[in-house]
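Listing of entry37.txt; format and content: compact mmCIF, C-alpha atoms.
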# COMPACT_ATOMS: atom_id res chain seq x y z
CA MET A 1 19.77 -15.74 -3.11
CA THR A 2 20.22 -15.90 0.67
CA GLN A 3 16.96 -15.78 2.55
CA ASN A 4 16.20 -15.55 6.25
CA THR A 5 13.96 -18.18 7.79
CA PRO A 6 10.23 -17.36 7.60
CA LYS A 7 10.22 -16.64 11.34
CA ALA A 8 12.69 -13.77 10.94
CA ILE A 9 10.54 -10.73 10.29
CA ILE A 10 12.27 -8.36 7.88
CA ALA A 11 11.73 -4.63 8.32
CA LEU A 12 13.06 -1.67 6.36
CA ILE A 13 13.21 1.66 8.19
CA THR A 14 13.99 4.79 6.18
CA GLY A 15 16.06 7.53 7.78
CA ALA A 16 17.13 4.96 10.36
CA ASN A 17 20.67 6.09 11.09
CA LYS A 18 19.56 8.75 13.58
CA GLY A 19 16.66 10.15 15.61
CA ILE A 20 13.31 8.40 15.62
CA GLY A 21 14.26 6.01 12.82
CA ARG A 22 17.30 4.82 14.76
CA ALA A 23 15.21 4.28 17.88
CA VAL A 24 12.64 2.30 15.87
CA ALA A 25 15.31 0.09 14.31
CA ILE A 26 16.96 -0.61 17.67
CA SER A 27 13.63 -1.45 19.32
CA LEU A 28 12.51 -3.77 16.52
CA ALA A 29 15.86 -5.60 16.56
CA LYS A 30 16.45 -5.78 20.30
CA ASP A 31 12.94 -6.01 21.73
CA HIS A 32 11.19 -7.97 19.00
CA GLY A 33 13.89 -9.95 17.22
CA TYR A 34 13.29 -8.41 13.80
CA THR A 35 15.87 -8.40 11.05
CA VAL A 36 16.20 -4.68 10.42
CA ILE A 37 17.42 -2.97 7.28
CA ILE A 38 18.83 0.47 8.06
CA GLY A 39 17.95 2.85 5.24
CA SER A 40 20.09 6.01 5.14
CA ARG A 41 21.25 8.58 2.59
CA GLN A 42 24.85 8.18 3.74
CA LEU A 43 25.64 4.48 3.65
CA ALA A 44 28.44 4.74 6.23
CA ALA A 45 26.02 6.11 8.83
CA GLY A 46 23.68 3.18 8.33
CA GLU A 47 26.54 0.70 8.33
CA ALA A 48 27.69 1.99 11.72
CA LEU A 49 24.33 1.27 13.35
CA ALA A 50 23.99 -2.10 11.61
CA ALA A 51 27.47 -3.09 12.80
CA GLU A 52 26.63 -2.00 16.33
CA LEU A 53 23.49 -4.15 16.38
CA GLU A 54 25.25 -7.12 14.78
CA SER A 55 28.06 -6.93 17.36
CA GLN A 56 25.43 -7.31 20.08
CA GLY A 57 23.96 -10.41 18.49
CA TYR A 58 21.02 -8.86 16.63
CA HIS A 59 20.24 -9.07 12.91
CA ALA A 60 20.78 -5.89 10.93
CA SER A 61 22.10 -4.65 7.62
CA SER A 62 22.29 -1.28 5.93
CA ILE A 63 21.25 0.05 2.57
CA GLN A 64 21.92 3.33 0.79
CA LEU A 65 18.57 5.03 0.26
CA ASP A 66 18.09 8.55 -1.04
CA LEU A 67 14.37 9.27 -1.46
CA SER A 68 15.10 11.98 -4.02
CA SER A 69 16.81 9.47 -6.34
CA ASP A 70 14.89 6.95 -8.44
CA ARG A 71 18.13 5.06 -9.03
CA SER A 72 18.71 4.74 -5.29
CA ILE A 73 15.15 3.52 -4.70
CA VAL A 74 15.27 0.94 -7.52
CA ASN A 75 18.65 -0.31 -6.33
CA ALA A 76 17.43 -0.61 -2.73
CA ALA A 77 14.45 -2.70 -3.83
CA LYS A 78 16.74 -4.90 -5.91
CA VAL A 79 19.15 -5.47 -3.03
CA ILE A 80 16.33 -6.42 -0.66
CA GLU A 81 14.88 -8.81 -3.22
CA GLU A 82 18.23 -10.48 -3.86
CA LYS A 83 19.09 -10.83 -0.18
CA HIS A 84 15.70 -11.63 1.34
CA GLY A 85 13.21 -12.28 -1.44
CA ARG A 86 10.52 -10.42 0.46
CA LEU A 87 9.75 -7.58 2.87
CA ASP A 88 7.43 -7.90 5.88
CA VAL A 89 7.43 -4.38 7.31
CA LEU A 90 8.10 -0.95 5.82
CA ILE A 91 8.52 2.08 8.06
CA ASN A 92 8.34 5.29 6.01
CA ASN A 93 10.09 7.46 8.57
CA ALA A 94 12.51 9.74 6.70
CA GLY A 95 11.35 13.34 6.50
CA VAL A 96 12.34 16.99 6.67
CA LEU A 97 10.96 20.14 8.27
CA LEU A 98 12.47 23.12 6.46
CA ASP A 99 9.93 25.90 7.04
CA HIS A 100 11.69 27.35 10.06
CA ASN A 101 14.95 29.22 9.73
CA HIS A 102 17.91 27.03 10.56
CA PRO A 103 20.60 29.02 12.41
CA SER A 104 23.39 27.65 10.20
CA LYS A 105 21.58 27.54 6.85
CA PRO A 106 20.20 30.27 4.55
CA LYS A 107 16.43 30.55 4.26
CA LEU A 108 15.04 28.67 1.29
CA LEU A 109 13.12 30.43 -1.44
CA THR A 110 9.45 29.44 -1.57
CA ARG A 111 9.64 27.10 -4.57
CA GLU A 112 12.80 25.43 -3.28
CA LEU A 113 11.18 24.97 0.14
CA TRP A 114 8.11 23.26 -1.31
CA ASP A 115 10.02 21.22 -3.89
CA THR A 116 12.48 19.88 -1.33
CA THR A 117 9.84 19.22 1.33
CA PHE A 118 7.49 17.35 -1.00
CA THR A 119 10.29 15.39 -2.67
CA THR A 120 11.49 14.02 0.67
CA ASN A 121 8.24 13.76 2.60
CA ILE A 122 5.74 12.50 0.04
CA ILE A 123 7.13 11.87 -3.48
CA GLY A 124 10.05 9.82 -2.23
CA PRO A 125 7.97 7.61 0.10
CA ALA A 126 5.39 7.17 -2.68
CA CYS A 127 8.06 5.97 -5.14
CA LEU A 128 9.72 3.74 -2.54
CA THR A 129 6.48 2.13 -1.36
CA GLU A 130 5.39 1.41 -4.92
CA ALA A 131 8.77 -0.15 -5.68
CA LEU A 132 8.48 -2.39 -2.61
CA VAL A 133 4.87 -3.52 -3.08
CA PRO A 134 5.89 -6.72 -4.93
CA LEU A 135 8.14 -7.67 -1.99
CA LEU A 136 5.52 -6.73 0.60
CA ARG A 137 3.05 -8.98 -1.19
CA LYS A 138 5.47 -11.86 -0.50
CA ALA A 139 5.55 -11.16 3.26
CA GLN A 140 5.95 -14.28 5.41
CA GLY A 141 6.31 -12.75 8.87
CA GLY A 142 2.59 -12.10 9.20
CA PRO A 143 0.61 -9.83 6.87
CA PRO A 144 2.54 -7.04 5.11
CA ARG A 145 2.66 -3.96 7.31
CA ILE A 146 3.44 -0.33 6.50
CA VAL A 147 3.73 2.52 8.97
CA PHE A 148 3.83 6.05 7.61
CA VAL A 149 5.28 8.62 10.01
CA SER A 150 3.21 11.79 9.89
CA SER A 151 2.35 14.64 12.26
CA CYS A 152 -0.56 15.89 14.32
CA MET A 153 -0.05 19.17 12.48
CA SER A 154 -1.38 17.59 9.28
CA SER A 155 -4.88 17.21 10.73
CA LEU A 156 -7.32 19.14 8.54
CA THR A 157 -9.84 19.12 11.36
CA ASN A 158 -7.46 20.90 13.72
CA ALA A 159 -5.72 23.17 11.20
CA THR A 160 -7.72 26.24 12.24
CA ASN A 161 -8.20 25.27 15.88
CA LYS A 162 -6.60 28.07 17.88
CA ASP A 163 -6.40 25.85 20.95
CA MET A 164 -3.80 23.64 19.31
CA PRO A 165 -0.28 24.30 20.69
CA TYR A 166 1.14 24.46 17.16
CA TYR A 167 -1.49 26.89 15.77
CA ASN A 168 1.00 29.76 15.43
CA LEU A 169 3.88 27.61 14.21
CA GLU A 170 4.89 28.42 10.64
CA ALA A 171 5.27 25.04 8.96
CA THR A 172 2.96 25.27 5.96
CA ALA A 173 4.99 23.19 3.51
CA TYR A 174 5.65 20.51 6.12
CA ASP A 175 2.00 20.35 7.23
CA CYS A 176 0.76 20.04 3.66
CA SER A 177 3.30 17.33 2.84
CA LYS A 178 2.23 15.28 5.84
CA ALA A 179 -1.45 15.70 4.96
CA ALA A 180 -0.51 14.18 1.59
CA VAL A 181 1.29 11.35 3.41
CA ASN A 182 -1.95 10.55 5.23
CA MET A 183 -3.83 10.19 1.95
CA LEU A 184 -1.00 8.10 0.50
CA ALA A 185 -1.24 5.73 3.45
CA LEU A 186 -4.97 5.31 2.96
CA GLN A 187 -4.40 4.39 -0.67
CA TYR A 188 -2.26 1.46 0.46
CA VAL A 189 -4.94 0.36 2.92
CA ARG A 190 -7.02 -0.13 -0.21
CA LEU A 191 -4.28 -1.45 -2.50
CA LEU A 192 -3.05 -4.13 -0.07
CA ASP A 193 -6.45 -5.17 1.18
CA ASP A 194 -6.46 -8.30 -1.00
CA VAL A 195 -3.43 -9.70 0.88
CA GLY A 196 -4.56 -8.55 4.32
CA GLY A 197 -2.13 -5.64 4.42
CA ILE A 198 -2.06 -3.49 7.55
CA VAL A 199 -1.28 0.17 6.94
CA ASN A 200 -1.31 2.87 9.60
CA ILE A 201 -0.10 6.39 10.25
CA ALA A 202 1.78 7.38 13.39
CA CYS A 203 2.52 10.78 14.84
CA PRO A 204 5.56 10.51 17.13
CA GLY A 205 4.81 13.89 18.72
CA LEU A 206 7.36 16.61 19.41
CA VAL A 207 10.66 14.74 19.57
CA CYS A 208 14.15 16.03 20.31
CA THR A 209 15.88 15.48 16.96
CA ASP A 210 17.61 17.64 14.38
CA LEU A 211 14.23 18.00 12.61
CA THR A 212 12.94 20.00 15.61
CA LEU A 213 16.32 21.70 16.14
CA PHE A 214 16.68 19.56 19.28
CA ASN A 215 13.82 21.29 21.06
CA PRO A 216 14.65 21.13 24.80
CA VAL A 217 11.05 20.45 25.85
CA ALA A 218 10.58 17.60 23.36
CA THR A 219 10.47 13.90 24.21
CA THR A 220 13.27 11.45 23.48
CA PRO A 221 13.54 9.57 20.17
CA GLU A 222 12.83 6.37 22.09
CA GLU A 223 9.51 7.78 23.31
CA GLY A 224 8.70 9.04 19.82
CA ALA A 225 9.37 5.57 18.42
CA GLU A 226 6.92 3.77 20.69
CA GLN A 227 3.73 4.27 18.65
CA ILE A 228 5.54 3.44 15.42
CA VAL A 229 6.88 0.20 16.86
CA LYS A 230 3.49 -0.69 18.34
CA LEU A 231 1.89 -0.43 14.90
CA ALA A 232 4.75 -2.24 13.17
CA ILE A 233 4.49 -5.35 15.36
CA ASP A 234 0.70 -5.67 15.15
CA MET A 235 0.28 -8.84 13.10
CA GLU A 236 -3.38 -9.30 13.99
CA GLY A 237 -4.58 -6.12 12.33
CA LYS A 238 -6.15 -4.79 15.52
CA VAL A 239 -5.97 -1.38 13.91
CA ASN A 240 -5.80 -0.60 10.20
CA GLY A 241 -6.09 2.66 8.32
CA THR A 242 -5.67 4.72 11.49
CA PHE A 243 -3.92 8.00 12.31
CA SER A 244 -2.71 7.98 15.90
CA ASN A 245 -0.38 9.27 18.56
CA LYS A 246 0.74 7.56 21.77
CA MET A 247 -0.66 10.23 24.10
CA LEU A 248 -3.64 11.49 22.06
CA GLY A 249 -4.86 8.19 20.65
CA LYS A 250 -6.71 8.59 17.36
CA ILE A 251 -6.10 11.90 15.61
CA PRO A 252 -8.93 13.49 13.62
CA TRP A 253 -8.34 13.66 9.89

When written as structure tokens, how does the structure in this file appear?
Amino acid sequence: MTQNTPKAIIALITGANKGIGRAVAISLAKDHGYTVIIGSRQLAAGEALAAELESQGYHASSIQLDLSSDRSIVNAAKVIEEKHGRLDVLINNAGVLLDHNHPSKPKLLTRELWDTTFTTNIIGPACLTEALVPLLRKAQGGPPRIVFVSSCMSSLTNATNKDMPYYNLEATAYDCSKAAVNMLALQYVRLLDDVGGIVNIACPGLVCTDLTLFNPVATTPEEGAEQIVKLAIDMEGKVNGTFSNKMLGKIPW
């Protein structure tokens, strides 16, 4: 088994071949010297980013990771264990927003919409996180840290607040899946407490990615990644069990 030195912090980012996940991986590698593992459904896409970072002198590798496949999740955990023997940081970033009509795709039937949304946004991350807990418990680059990427739209407090800019946005399945993500994150605050685990939830805001159909008024992926990265590098546990956004600060549950 080939292991990095204890000083090399190892981070897995899901959905890291594009958008916010890509920006997070690049920032952690370039700005903070992390060894990043690029998780992506299509291995070639992840390999391209890993090769790009490696060619610039940073430490990166790629791993095939399909959150809808138990086999893919188990294999990913096995590969990380064999190569590194541990995991220091997990960024649960991969997600979908399928409620709106995509101009090039047929509208999903209700059950298919909810099944697909929950499989990717909550069931997949739940299975992956559970599979990686043994490796997170062996973290050497500070306490084990998990960042779950959620959304301001999952706030129960603000769900019926007509002053919210997204009040009239139809994204029911997405909102419910992210509310479930918030509860999942809080479970790991509890479950990793005995090893000093730090678990937080980040809302990147409205970001110009394929998930938002490249909304022209949205921020860049790099801006969306900032709060996620900030939480991922916090080894002192200054915040734990929080739900936050760069501009808004703490978000009400």

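A straight line drawn from atom CA of Ala29 of chain A to atom CA of Ala60 of chain A is 7.5 Å long.
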
- [ ] Kindly give the distance, in Å, that separates atom CA of Asn245 of chain A and atom CA of Ala225 of chain A, rounded to a single decimal.
- [x] 10.4 Å

TODO: May I ask for the distance between atom CA of Glu112 of chain A and atom CA of Leu97 of chain A, given in Å to one decimal place?
DONE: 12.8 Å

- [ ] Compile the contact shell of Thr119 of chain A as a PyMOL selection string: residues with an atom at most 12 Å away, counting all atoms listed in the file, same-chain residues fewer than 3 positions apart removed.
- [x] chain A and resi 66-70+94-97+111-116+122-128+173-174+177-178+180-181

Open item on the list: Can you tell me which residues surround Pro134 of chain A at a distance of at most 10 Å, considering only C-alpha atoms, apart from same-chain residues fewer than 5 positions away, and format the answer as a list in words?
Closed with: Ala77, Glu81, Gly85, Arg86, Leu87, Thr129 and Ala139 of chain A

TODO: Select, from A:Ser61, A:Asn240, A:Asn182, A:Thr219, the residue with the minimum atom-to-atom distance to Tyr34 of chain A, counting only C-alpha atoms.
DONE: A:Ser61

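With all atoms listed in the file as the atoms that count, the residue of A:Asn101, A:Asn168, A:Thr14, A:Thr35 with the shortest distance to Thr212 of chain A is A:Asn101.
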
TODO: List the neighbours of Pro216 of chain A out to 10 Å using all atoms listed in the file; skip same-chain residues closer than 5 positions along the sequence, and give me the result as a PyMOL selection string.
DONE: chain A and resi 207-209

TODO: Tell me which protein, DNA and RNA residues are within 12 Å of Met164 of chain A, counting all atoms listed in the file, leaving out same-chain ones fewer than 4 positions away, and put them as a list of chain:residue names.
DONE: A:Cys152, A:Met153, A:Ser154, A:Ser155, A:Thr157, A:Asn158, A:Ala159, A:Thr160, A:Asn168, A:Leu169

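Remark: for Gln64 of chain A, the closest of the candidate residues A:Ala218, A:Ala76, A:Ile20, A:Ala202 is A:Ala76 (distances computed over all atoms listed in the file).
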
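The neighbours of Leu192 of chain A here are the residues that come within 12 Å of it, using all atoms listed in the file and leaving out any residue fewer than 6 positions away in the same chain; they are Thr129, Glu130, Leu132, Val133, Pro134, Leu135, Leu136, Arg137, Lys138, Ala139, Pro143, Pro144, Arg145, Ile146, Ala185, Leu186, Ile198, Val199, Asn240 and Gly241 of chain A.
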
Open item on the list: For a quick check of understanding, using all atoms listed in the file, which of A:Gly39, A:Pro106, A:Pro204, A:Gly21 has the smallest distance to Ile251 of chain A?
Closed with: A:Pro204

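Compared by their closest atoms to Ala45 of chain A, and using all atoms listed in the file, the residues A:Ser62, A:Asn161, A:Asn121, A:Ser151 rank with A:Ser62 nearest.
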
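Each of A:Ile228, A:Val149, A:Met235, A:Leu109 was checked against Ala25 of chain A using only C-alpha atoms; the smallest atom-to-atom distance is that of A:Ile228.
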
- [ ] Place a sphere of radius 12 Å on (12.1, -3.8, 15.3) in the file coordinates and name every protein, DNA or RNA residue with an atom inside or on its surface, counting all atoms listed in the file; give the answer as an MDAnalysis selection string.
- [x] chainID A and resid 8:13 16 21:38 53 58:60 88:91 225:226 228:234

Give me segment 152-173 of chain A with N, CA and C atoms filled in, as a short mmCIF file (atom, residue, chain, number, x, y, z; two decimals), in the coordinates of the input.
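Here's the written file selection-v5.cif:
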data_model
loop_
_atom_site.label_atom_id
_atom_site.label_comp_id
_atom_site.auth_asym_id
_atom_site.auth_seq_id
_atom_site.Cartn_x
_atom_site.Cartn_y
_atom_site.Cartn_z
N CYS A 152 0.72 15.34 13.87
CA CYS A 152 -0.56 15.89 14.32
C CYS A 152 -0.89 17.18 13.57
N MET A 153 0.15 17.89 13.15
CA MET A 153 -0.05 19.17 12.48
C MET A 153 -0.66 19.03 11.09
N SER A 154 -0.77 17.80 10.60
CA SER A 154 -1.38 17.59 9.28
C SER A 154 -2.89 17.39 9.36
N SER A 155 -3.44 17.39 10.56
CA SER A 155 -4.88 17.21 10.73
C SER A 155 -5.65 18.37 10.12
N LEU A 156 -6.49 18.09 9.14
CA LEU A 156 -7.32 19.14 8.54
C LEU A 156 -8.34 19.65 9.54
N THR A 157 -8.84 18.74 10.36
CA THR A 157 -9.84 19.12 11.36
C THR A 157 -9.30 20.16 12.32
N ASN A 158 -8.04 20.01 12.72
CA ASN A 158 -7.46 20.90 13.72
C ASN A 158 -6.65 22.05 13.15
N ALA A 159 -6.59 22.16 11.83
CA ALA A 159 -5.72 23.17 11.20
C ALA A 159 -6.05 24.59 11.62
N THR A 160 -7.32 24.87 11.87
CA THR A 160 -7.72 26.24 12.24
C THR A 160 -8.19 26.31 13.70
N ASN A 161 -7.83 25.30 14.47
CA ASN A 161 -8.20 25.27 15.88
C ASN A 161 -7.15 26.05 16.68
N LYS A 162 -7.54 27.20 17.18
CA LYS A 162 -6.60 28.07 17.88
C LYS A 162 -6.15 27.52 19.22
N ASP A 163 -6.80 26.46 19.69
CA ASP A 163 -6.40 25.85 20.95
C ASP A 163 -5.24 24.87 20.78
N MET A 164 -4.91 24.55 19.54
CA MET A 164 -3.80 23.64 19.31
C MET A 164 -2.47 24.33 19.62
N PRO A 165 -1.55 23.66 20.30
CA PRO A 165 -0.28 24.30 20.69
C PRO A 165 0.58 24.73 19.51
N TYR A 166 0.34 24.14 18.34
CA TYR A 166 1.14 24.46 17.16
C TYR A 166 0.42 25.44 16.22
N TYR A 167 -0.69 26.03 16.66
CA TYR A 167 -1.49 26.89 15.77
C TYR A 167 -0.66 28.01 15.16
N ASN A 168 0.22 28.62 15.92
CA ASN A 168 1.00 29.76 15.43
C ASN A 168 2.37 29.36 14.87
N LEU A 169 2.61 28.06 14.76
CA LEU A 169 3.88 27.61 14.21
C LEU A 169 3.84 27.67 12.69
N GLU A 170 4.82 28.31 12.09
CA GLU A 170 4.89 28.42 10.64
C GLU A 170 5.56 27.18 10.05
N ALA A 171 4.75 26.27 9.55
CA ALA A 171 5.27 25.04 8.96
C ALA A 171 4.35 24.59 7.83
N THR A 172 3.98 25.53 6.98
CA THR A 172 2.96 25.27 5.96
C THR A 172 3.35 24.16 5.00
N ALA A 173 4.56 24.22 4.46
CA ALA A 173 4.99 23.19 3.51
C ALA A 173 5.03 21.82 4.18
#
